[in-house]
Structure formats: structure tokens, C-alpha cells
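Written out below as C-alpha cells is the structure these notes cover.
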Amino acid sequence: MKESVFTMAPDLVSGVLDPRGPVAADEYQLLQNATVVMLALIVPIIVLTLAFAWWFRAGNRRAKRRPDWSYSGALEVVNWMVPLMIILFLGGMGWVASHALDPAKPLPSAAPPLKIQVVSLDWKWLFIYPDGGVAAVNHLLVPAGRVLQLQLTSGTVMNSFFVPQLGSQIYTMAGMTTTLHLQADRPGTFPGRSVQFSGDGFSDMRFEVDAVTPAEYEAWLARTRAGGTHLDASAYAALSRPGTSDPRAYRLDEPRLFQHILAASMAPSSSSSH
Amino acid sequence: MSAVLDEPMQTVERPIPRSQRGPAPTHVTTGYGMWLFLLSDIVMFAAFFAAFVVLRDHTAGGPAGRDLFHRHTVLIETGCLLFSSFSCALLGVGVEYRNKTVTYIAAAVTLALGAAFMVLELSEFTQMIADGAGPGRSAFLSGFFALVGLHGLHVACGMLWLVVMLAQVATLGFSPKVVRRLLCFNLFWHALDIVWVGVFTVVYLGAFA
Amino acid sequence: MLGKLDWSAIPTDQPIPLIAAGIVALGMLGVAAWITKRGWWTYLWKEWITSVDHKRIGVMYVLLALVMLVRGFVDALMMRSQQAIAVGANQGFLPPEHYNQIFSAHGTIMIFFVGMTFMVGLMNFVVPLQIGARDVAFPTLNSVSFWLTASGVLLLNLSLVIGEFARTGWLAYPPLSELAYSPGVGVDYYLWAIQIAGVGTLLSGINLTATILKMRTTGMGYMRMPIFCWTALTANLLIIAAFPILTATLAMLTLDRYLGFHFFTNDFGGNAMMYINLIWAWGHPEVYILILPAFGVFSEVISTFAGKPIFGYRSMAAAALAICVLSFMVWLHHFFTMGASADVNGFFGVMTMIIAVPTGVKVFNWLFTLYGGSVRFSVPMMWALGFMVTFIIGGMTGVLLALPPVDFVTHNSLFLVAHFHNVIIGGVIFGAYAGYNYWFPKAFGFTLHEGWGRATFWCWLVGFYLAFMPLYLLGLMGATRRMQHYAEAGWQPLMIVALCGALSICAGIGCTIVQLVVSIRSRAERRDLSGDPWDGRSLEWATPSPAPAFNFATPVQVNGLDAFWTAKRAGLPAPGWPEMPAPSVVEVPVRTGTGFFIAFFAVGFGFGMVWHIWWMAIASLLGILGVALAFAWRRDDEHDIDGDAVAAIYAVPAREAA
């Protein structure tokens, strides 16, 4: 049995620090660049703070005191300009990067993106492959090197879909669809979880992302379609009930399941208050 | 920092800026505090206005504003409040001249107009609820009942306050404290009218836009 | 008859809250017994509970904050302990239902009842003294504000033993906080505790703003008041502008839960995103409400203990105003990941960066205040230096989080948790401790023990870094917040380090208590006879210690910034200090139980609303009305302190002893 990615040997270089896709790689690079710029600003300030405090201590006879010095026009300019310049620089970086890494923006690719629909439930993740005719719970198997176009919603409260090694997270909200583009560069297994607190089973909302070769992906699709379990209305009803779930895969009976879930979460339900 | 000078410049000395003239008299500070409270109240209303506007089209298949609102009723309500602001101003005049008769009459008119407003608004609410268009019907109606209801609650509290103030005038006369409180009431009542103008425009007129 | 309340509300199946409640009850009984034995009830009632003196109220705020610090910290210790052991198959000692209440309570307590309470307490105590006023603009309202805060505290703590607390996090996002997903009373306790305390805070904001703008003493123009007053002014303006949004938003959630409204429900057209927008439209100004007074404390402390005026006074005032305005333009950075467009995210990212500029200006100004000074490493100065180093790191990570794509991979992770603790502990808590040590002698007439003060500082400093630097790393490794357990074995060592940090902070809190006890016991050795133990610059040091009820015997006239410092250096008598013999008669506001009784009924109202005991809620409202009416017909607003009593106050501390 494959060792779960969660219990593998401890490694500090993981998560965001170990990007496995273009989105995560760009975001990590941005983090590094911004950190360097900020450190260049704050390290001197910290050093100067401690240096000034020590040098100008009351007992130091060598220090030249300037007890009435409380204004300097030149320093005023520096005081305001230095933070402003750095912030404008970083702000510019942020503006550009926000557009480049907009979750809704498709990633460049030759092949059309693979559409996957994601539904957060209490307390499990449902992944629907509308074109592939399959669905899976707590296990996201995808072809490596292919752009994934995720459409997300929630069948319950707000959650947030996050696979740190692949990149951005995005909220899932009932009655609404969010869009996220990700890609795994090479085959591998990555942990994913919900990162927006959603109730008592929140800590168990983990899932594995399995990036495999395209051939393996097709094989898995065919196997699952031919397999015994169907995701029909009663199976979905069971999933909707509060509780966690082991990973499993289904043949998808209703290709428009995602749309039905969207519509249902906006309609009056027996669980709402009156 | 020199404040605005409202006296002509002396040839030898500069007049003291207002910010340096020391503590303000009690009635100025009290009125100022009331203004600050009113500003905070308006921010609270602003949040309800924002929610109403965001949820305006979320009728969940139910009735929208144009299906429910009676413009002539709203016109009468608006007239009641506007005229009550006028009577409230007269109340202020009565207080300024320490004239109990004017004060009582102006207050009575204000109360009567406020009561008329409340009766009309409450009957509008009960009618809507009876017709199945209560706040639980849709997010739009939630926003409506909350915003308009909050204003109505303020009007009701204002009326209660006015009654208490009349009792104070009757028992304590126009003492400085009572006069300060009446000033605060005046500000409050006028502010409510301003909020109503917003409600009337955004909610009622906006429904028919 | 009792609404939803019955015996099952008491969590007999959970030992931890019952044990905690038992300890608290024993503690309270012990204190009550001790007070009875000493015969102090009358004194407490007359001099503290019914006091409308801003100094007394400020002290009570600070005391309440310190007590709630212990309460909130116990939650933190439980969370750190749980996370240090709950890895893999180990579920720890806190099941999710309980753990989720703990982190929700921890955040709620720390923000509302420690941070806000401490800062409001300091501002209450200090501002009227610094502007040469006798009290705040509305002393009775001040008492009401304090006691309503205490009502909120009581309600929140009642939820520990009667019912439960919210399990939604400290901001109670819907739909999780709606009735459908949180059917218990927990969210209701949260809503009413915050709403009631929030009214108190709003009234306090109005009070202090009116005080600073309308009651400054003669000669004290805006550019002559201490920087602490500038930051207090901007913080209170923010309170007035932001707290009503919180009131409105929580009221909408309350309407959803109680009357079936649909503001934020999933169905019938509700919009949960709107809650998030509204709550953060309050939430972001809130963190500036917390930090601005702390900035003010540091300005006072650094300039006093460097013996120099604050560098760049005008810039400091302008920066505070800039922060005040800009704080309303950044709120979306709390939910970059909610799916807004790149333009929207980018705009708010840039705005968030821009608000870092005035903060950076302040840091530079503090730096240059040190330069050329004669720095004394008093306990408040230690906290200030600790702040300057620590807060900057938090500011850096804040700027990193302000880049939307970085936020996409760090939002809601332990990186975020580390960031906000970095700025709140490094900023607000360090500022609270600095202010506490700095102004203590003015409040009580003796200084705090220095050795224990230093021990407190080092325990907190080391503890903070041990507890939160690992969290930055964990967040980048993919660890999210609010985890009751996790499977990644590789995270546990860092969690254990974090627990060690928490234990160090625990020691720091212990040192705080020891410092207070030791200081009281040995107060004769550290009496502040001159009223000016630190060679201060501003007017509060021109009074005897403890400051008399009326603050200044004679009206104060100032002619510039740091008027007291100027007077000292010129050999002039302290402003406001009467010439001897002092035949002055001074008026002070009359004490009243109005605040206490309104708050008493507010607790009844809140409790009744939580448990749907409608008669209790209505009766409580009528009670509040009754108390207000009784106050409205009060005869005397002020009473006189005669000249002999005044003279006695100034005769005791010989000024020559300074």
C-alpha cells in the first residue's frame, strides 16, 4: 500500500517551499524576491535601532548628545521617500503579479485545459470530471503537464481549496462558482486540504493530488468508468451528510451534477432557519 | 498651527487661534458629542444601506419593491417626518426663549406626526407580512425590513425620548442640563429626517427606477 | 419560562471547562472573602465601582485587560499543547467541538477584551492629564462604557459553564455561523457579548474624541499636544467610524438567526461574501485602533527615556492621520482568495502597501529620537526597543502578505497566524506593558519593581520568538490554522518549539503577577514623591502621584510643546500646581452607580436573548430605561473639594525631594 504523503518523512522543504507547478513556482519566486527587498530595508533598521540605543546609552561618555535635535528637513524627505519608493516598487510588483497569477486566468498550453469541478462538502472533497464521466472523493488524480481548469463551489459552508505545492488557493462558496487554474509539471503526489475553517471535521478535510502520466490518467478513467460504484442521487446524499470519507472513485451518472449542486444550494432547504 | 481667524488682525499681537483658547463651554462640548454620535449612527445606517443595495435584486423568486410599495403612503410618511422636523425646529425656538407653551405644543405636534408615521409604517409592515412578503421571504425583503425597521426603531426611541424630555421640562424647568438635552434631541430628530430622505430615495424611489 | 435553558446547558460531560470554572469560582470567592474580611466593600463601591473619574476607570480597564490576558492565554496554552501532541493517530486531549470553541474564544478575548480594553484603559487614564483637563467630556458615559465592556466579558465567560461558545472562529463567518450550521447558543453568546461591549467602545470613542477636540487646556493648540494624544485622537475617530459597521453586521447576523432573515444564508438570496466585506470593513480599522495608541505609548516612552523631544513631531501627527484615513481603504486584503478580479486584488494590494509608508515614517522618527539622546534602559524603554525590532518583522511579513499571489499560498496558514501575532504582540502587547510600567506610578504613587519588570520582558521576548517564528516556517510548509489535529509528522518538532515559546510567555505572565504583588508589598521603598519619577516631558507628570481626583488644582496654561519640560528647565513651577497656600475650591463630577446598573441589566438582557428567555430580556431593557431615567433626574452633577483638602494633597509630596 502506498505510503500516504502525509506521513512521509519530515521535510522542511515542503509545501510552498517545494513548488511542483508553474503557478506555485512563480508565487514562490515572488515571495523570495519580495523578502529580499524587505530584508534589505528592515535589517539595517533593526541594527541601527540596537546600535543607536546602545551607543547613546546614558553611561556612554563618548557619545555626542544632541538633546534638542528633533527636526531635519532632509531627513523628513528621506523618511517619507524611502518607504514610499520601496512600497511603490513592491506595489508595482504586486500589481503585475496579481494579473499574471490571477486564478481565473488560463495558463498557457497547447492542449485544451482539463476541466475538473470541485465541491467542498462536510467534511470531504468531491472532484467531478464532467468530460471523463467519473468523480472521486478526497483523491484528485490528474495528468501531469496538463493545465487544469478547476471550477469550484461548496455544497455547504465556505471552504478553501489548497494544494500548496501546485499553487494558489481559492474559496469555495455555496451558490457561486470560483475558477482556478493549476498545473503539475511532473508526476508526483501532493497533499491538499481545506484552509477555510468549516466546522468540526475541518482538520480531516485532506486529500491527495496524484499527478500521473497521461497514459496512466486515461487508464484510471477507463477503470473507474467500468467500475462498480456509481455516483447517483443516493450516493451523493450520503456524501452530503456530515462526516469524513476515505478516498474513493465513482462512475459519474449525471454529467451536470455540478450545476445541480449549484442550484440546490440556493434553493430553500429543510436545514435552513425560518 | 494657526486656526482660522474670525477676528480682524491686530496691528501688534496676533489673536489667539481658536485651538488654543482652552476648553469649550459645556453646551458646545455636549452638542459636539451628540454630533459625533449621530455621525456614528449614520455609519451604521450606511452599512444597512449597503446591504440593502447589494441584496436589492435577490428576490428569490418573490416580490420586488415595485410589487409591494405604495408610493402615496410613502409620500404621506415623508410629509409627516418633514413637517415634524419643522415642528421640532419650533420646539427649539420655544426652548431658546424658555417658553413652556410653545415647547409643549411643538412637542405635541412632533409626537403626533411621529406617531402618524409609525402607524403608517407599521401597517405597511404588517400588510406585507400578511401577504407573505415578510423578511424571511427573500434577502431583498430582509434588507428592506432591517433598514426601514431600524429607522422606525430610531423614530420610536426618539418619541420616547421626547416624552421623557417633556416630563423633565415640567418637573425641572429649563435648567441648563435640560436645555442641553433638548438640543441633543433636536439634532437627533433632524438627523432621522435626513436618514429618511435617504431611505425614501434609495428604497422606495429606487424600486421604481 | 426559561426559554431554551435547562440543566443540559451545563457541560457535565466535559471535565476541562468545569474544572476551569471551578477554579475561577474559587478564586472569585476567595477575593470576595478577602475583601469582606478587610471591610473594603464600601470603599470599593464608593471609590471604584461608582467612580466616574477617568483615572479610576482607566485603572479598572487595565485590570480587566490583565485578567482577560490570563484567561485568553490559558486558551493559547491549551491550543499549543494540543497541537504539540495531536499528530497522526493521536487526537490530543481536546475533541474538535471543544478545540473549536477554544480558538474562537481565544481570538475574541484577545482582540476585544485584552487589546481594546488595555488601550482604551491607557487612553482613558492618560489623555485628560496630558491635555490639562479635569476629566473626559462625559464622565458618567465613561463609566457606562467601562461597565458595558465588563458585561461583555461576563457573558463570554458565562458561556464556558452555561452552554457553549461559538465554534466559528473569532469573526463568525456565515454560513457556518448561521442557524443551519451552528444551531447551538455559542454564536448567540458571541453576538450579544460583542454587541454589548461594542456599544461601550463606541461611546468611549465619542467621549475621547470630544475630549481631545474640545477640552484641551488654554494654549494647547493641536501642534502642542503630546503625540500620544494624536494617536489617541486618530484611534477614537476610527472607533466612531468603524464600530457602527460591526454593530450593523452582527445585527444582521442576529436577525438571520433570531427572526429568519436572509442576509447571509445560503438560500433565499443571502450573500455570505457581503458579511466578509462588511466585517473586514470594520476589522481592518480595528487593528489600527489597537496599534495607534501603542504607537503613541512608544512615542512617549522613547522620547522620555532618551531625554529628547520626539523627532519629527509634525510627521508623526501626519502619519497617524494618514494611517487613520488609509485604514478604510485596504479591507479586501483579508480575503484576496475569495475570487475577486486581478484589478480589485491588485488595487487593494497596492493600497495595503501604501499604508505601510506612514508606519515606516514613524519607525524612522523613533530611530532618530534615539539618536543623540541619553538613553536610559528602564523597563518601558526595554519594551519599546523590543517593539522596534519585533514589530518591523511583522510589518515585513505583512507587506509580503499584501502581494496577492503570495497571499494565495499563505492565506489562513500558520504564516498568517504568525504575522498577526507578530504585530499584535510585538505592537499592542508590548505597548500595553510599556504603558503599564510607565504610568503605574502616576496611578498609584509608587513605581513597579524593576527586576521583575525586566524578567517579564525577557520571558515575553524570548517566548514570542520561540512561539511564532516556527509558525512562519510551518505556514510555508503548508500548515493551516485552526487544526485540531494533523497528520504531517514533520510538523511536530516545530509545534513543540512553539509550545516552549508559549511556556516562556506563561512565565512572563507569571512575572507580571509577581511584579505587581512584590511592588505593592514593597511600595514604601519606591514611593514617587515628586510626581515625576522619569523626568517626563508632558503635563501628566506635573501632578502629584497618585494624581488627585481633579488632576490640576488650577487651570493650566501652556505655551508650547512639552510645556512641563520647558517649565522644569526654566526653573518655573509646574503648570497647574497651586501656589501655597492653596485656597482653591475645585469641582469634580459626582460619582454614580448608573454605569454599573446599566451593565448589570445589560448582562440580563444578553443572557435572556441568548437563551430566548424573553421576559428576562424585556425586563432588563426596562431596567436600563429605569436607570437612565433615574440618572436624568439627578440633582447634583458636581461636588466641591475644598481648599484645605486640596492643599493637603500638594503638601504631602515635598517637591524638593525630587
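If you're wondering about the labels, chains in the C-alpha cells are A, B, ... by order shown, residues count from 1 in each chain, ligands from 1 in order shown.
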Can you list, as a PyMOL selection string, every protein, DNA or RNA residue that comes within 8 Å of region 110-114 of chain C when you count only C-alpha atoms, leaving out same-chain residues fewer than 3 positions away?
chain C and resi 64-66+68-69+72+106-107+117-118+149+153+194
Cut-off 7 Å: closest chain C/chain B atom pairs per residue, using only C-alpha atoms, as a Markdown table:
```
| residue | atom | partner | partner_atom | distance |
| --- | --- | --- | --- | --- |
| C:Ala137 | CA | B:Thr29 | CA | 7.0 |
| C:Ile206 | CA | B:Leu36 | CA | 6.0 |
| C:Asn207 | CA | B:Gly33 | CA | 6.9 |
| C:Ala210 | CA | B:Gly33 | CA | 5.7 |
| C:Lys214 | CA | B:Ala24 | CA | 5.5 |
| C:Met215 | CA | B:Pro23 | CA | 4.0 |
| C:Arg216 | CA | B:Pro23 | CA | 5.4 |
| C:Thr217 | CA | B:Gly22 | CA | 4.4 |
| C:Thr218 | CA | B:Gly22 | CA | 3.6 |
| C:Gly219 | CA | B:Gln20 | CA | 4.2 |
| C:Met220 | CA | B:Gln20 | CA | 5.1 |
| C:Gly221 | CA | B:Gln20 | CA | 4.4 |
| C:Tyr222 | CA | B:Ser19 | CA | 6.5 |
| C:Met223 | CA | B:Met1 | CA | 6.1 |
| C:Ile240 | CA | B:Ser40 | CA | 5.4 |
| C:Ala241 | CA | B:Ser40 | CA | 5.9 |
| C:Pro244 | CA | B:Met44 | CA | 4.6 |
| C:Ile245 | CA | B:Met44 | CA | 5.4 |
| C:Ala248 | CA | B:Met44 | CA | 5.7 |
| C:Gly260 | CA | B:Gly136 | CA | 5.2 |
| C:Phe261 | CA | B:Gly136 | CA | 4.8 |
| C:His262 | CA | B:Ala139 | CA | 4.7 |
| C:Phe263 | CA | B:Ala139 | CA | 5.5 |
| C:Phe268 | CA | B:Ser138 | CA | 4.9 |
| C:Gly269 | CA | B:His58 | CA | 4.9 |
| C:Gly270 | CA | B:Ala139 | CA | 5.2 |
```
Give me the residues within 9 Å of Gly398 (chain C) as a PDB file with N, CA and C atoms, in the first residue's frame, counting only C-alpha atoms and dropping any in the same chain fewer than 6 places off.
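Saved to result38.pdb:
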```pdb
ATOM      1  N   THR C 352      -2.651  48.461   0.461  1.00  0.00           N
ATOM      2  CA  THR C 352      -2.096  47.889   1.684  1.00  0.00           C
ATOM      3  C   THR C 352      -0.626  48.223   1.818  1.00  0.00           C
ATOM      4  N   MET C 353       0.073  48.205   0.694  1.00  0.00           N
ATOM      5  CA  MET C 353       1.468  48.601   0.726  1.00  0.00           C
ATOM      6  C   MET C 353       1.592  50.051   1.174  1.00  0.00           C
ATOM      7  N   ALA C 356       1.729  50.996   4.683  1.00  0.00           N
ATOM      8  CA  ALA C 356       2.976  50.702   5.390  1.00  0.00           C
ATOM      9  C   ALA C 356       3.888  51.917   5.432  1.00  0.00           C
ATOM     10  N   LEU C 416       0.156  33.278   8.296  1.00  0.00           N
ATOM     11  CA  LEU C 416      -0.739  34.394   8.604  1.00  0.00           C
ATOM     12  C   LEU C 416      -0.880  34.561  10.105  1.00  0.00           C
ATOM     13  N   HIS C 419       2.101  36.161  11.434  1.00  0.00           N
ATOM     14  CA  HIS C 419       2.148  37.596  11.122  1.00  0.00           C
ATOM     15  C   HIS C 419       1.303  38.415  12.090  1.00  0.00           C
ATOM     16  N   PHE C 420       0.042  38.038  12.258  1.00  0.00           N
ATOM     17  CA  PHE C 420      -0.782  38.936  13.073  1.00  0.00           C
ATOM     18  C   PHE C 420      -0.430  38.877  14.544  1.00  0.00           C
ATOM     19  N   VAL C 423       2.575  41.326  14.895  1.00  0.00           N
ATOM     20  CA  VAL C 423       2.293  42.752  15.031  1.00  0.00           C
ATOM     21  C   VAL C 423       1.449  43.054  16.260  1.00  0.00           C
TER      22      VAL C 423
END
```
Residue contacts of Gly175 (chain A) (9 Å, only C-alpha atoms) excluding same-chain residues fewer than 3 positions away, as an NGL selection string:
(:A and (153-155 or 261-266)) or (:C and (266-267))
Output N, CA and C atoms of each residue in that selection to a file, as an mmCIF file, in the first residue's frame.
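Ended up saving to again31.cif:
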```cif
data_model
loop_
_atom_site.group_PDB
_atom_site.id
_atom_site.type_symbol
_atom_site.label_atom_id
_atom_site.label_comp_id
_atom_site.auth_asym_id
_atom_site.auth_seq_id
_atom_site.Cartn_x
_atom_site.Cartn_y
_atom_site.Cartn_z
ATOM 1 N N THR A 153 -17.207 25.024 -6.146
ATOM 2 C CA THR A 153 -18.328 25.519 -5.373
ATOM 3 C C THR A 153 -18.386 24.749 -4.064
ATOM 4 N N SER A 154 -19.340 25.094 -3.257
ATOM 5 C CA SER A 154 -19.481 24.395 -1.986
ATOM 6 C C SER A 154 -20.903 23.884 -1.851
ATOM 7 N N GLY A 155 -21.013 22.683 -1.313
ATOM 8 C CA GLY A 155 -22.346 22.164 -1.011
ATOM 9 C C GLY A 155 -22.733 22.487 0.417
ATOM 10 N N ILE A 261 -25.842 20.853 -8.096
ATOM 11 C CA ILE A 261 -25.414 21.222 -6.740
ATOM 12 C C ILE A 261 -25.494 22.733 -6.556
ATOM 13 N N LEU A 262 -25.035 23.465 -7.572
ATOM 14 C CA LEU A 262 -25.086 24.924 -7.519
ATOM 15 C C LEU A 262 -26.514 25.413 -7.283
ATOM 16 N N ALA A 263 -27.436 24.863 -8.091
ATOM 17 C CA ALA A 263 -28.825 25.323 -7.996
ATOM 18 C C ALA A 263 -29.426 24.938 -6.658
ATOM 19 N N ALA A 264 -29.125 23.716 -6.212
ATOM 20 C CA ALA A 264 -29.732 23.230 -4.975
ATOM 21 C C ALA A 264 -29.302 24.062 -3.783
ATOM 22 N N SER A 265 -28.077 24.519 -3.758
ATOM 23 C CA SER A 265 -27.620 25.230 -2.565
ATOM 24 C C SER A 265 -28.248 26.603 -2.460
ATOM 25 N N MET A 266 -28.861 27.083 -3.527
ATOM 26 C CA MET A 266 -29.525 28.382 -3.443
ATOM 27 C C MET A 266 -30.997 28.234 -3.114
ATOM 28 N N ASN C 266 -27.318 30.665 2.838
ATOM 29 C CA ASN C 266 -27.063 30.138 1.501
ATOM 30 C C ASN C 266 -28.288 30.278 0.613
ATOM 31 N N ASP C 267 -29.469 30.132 1.226
ATOM 32 C CA ASP C 267 -30.697 30.109 0.430
ATOM 33 C C ASP C 267 -31.415 31.448 0.496
#
```
Based on DSSP run over this structure's backbone, return all residues of region 32-161 of chain C in helix (DSSP H, G or I), as a ChimeraX atom specification.
/C:32-38,41-49,54-85,96-130,139-161
Expressed in Å to a single decimal, how great is the separation between CA of Ser151 (chain C) and CA of Phe607 (chain C)?
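Answer for the CA of Ser151 (chain C) to CA of Phe607 (chain C) separation: 10.3 Å.
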Residues of region 3-173 of chain A in strand (DSSP E or B) according to DSSP, as a count of residues only?
42
Just to confirm, what's the straight-line distance from CA of Ile109 (chain C) to CA of Tyr486 (chain C) in Å (one decimal)?
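Atom-to-atom, CA of Ile109 (chain C) and CA of Tyr486 (chain C) are spaced 25.5 Å apart.
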Write out as number ranges by chain each polymer residue whose atoms come within 7 Å of region 99-111 of chain B, counting only C-alpha atoms; drop sequence neighbours fewer than 4 positions from it.
B: 84, 87-88, 90-91, 94-95, 115, 159
Using CA of Gly510 (chain C) and CA of Arg454 (chain C) as the two end points, give the distance in Å to one decimal.
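Computed distance, CA of Gly510 (chain C) to CA of Arg454 (chain C), equals 12.6 Å.
Summary of the local environment: counting only C-alpha atoms, residues at most 7 Å from Ser168 (chain A), other than itself and those fewer than 6 positions away along its chain, are A:Ala24, A:Phe162, C:Phe408, C:Val409.
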Restricted to C-alpha atoms, what would the selected residues look like written as a short mmCIF file (atom, residue, chain, number, x, y, z; two decimals), in the first residue's frame?
```cif
data_model
loop_
_atom_site.label_atom_id
_atom_site.label_comp_id
_atom_site.auth_asym_id
_atom_site.auth_seq_id
_atom_site.Cartn_x
_atom_site.Cartn_y
_atom_site.Cartn_z
CA ALA A 24 3.49 27.65 -7.30
CA PHE A 162 -5.46 24.47 -1.46
CA PHE C 408 -2.79 32.93 -2.35
CA VAL C 409 -0.35 30.43 -0.84
#
```
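Compared by their closest atoms to Leu150 (chain B), and using only C-alpha atoms, the residues C:Asp562, C:Val62, C:Met252, C:Lys4 rank with C:Met252 nearest.
Contact shell of Tyr313 (chain C) at 10 Å (only C-alpha atoms; same-chain neighbours under 5 positions omitted): Ser70 and Tyr71 of chain A; Met223, Arg224, Pro226, Ile227, Ser299, Ala318, Ala319, Lys362, Asn365 and Leu561 of chain C.
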Find, counting only C-alpha atoms, the residue in C:Ala86, C:Val24, C:Leu29, C:Val325 that gets nearest to chain A.
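The shortest atom-to-atom distance to chain A comes from C:Ala86.
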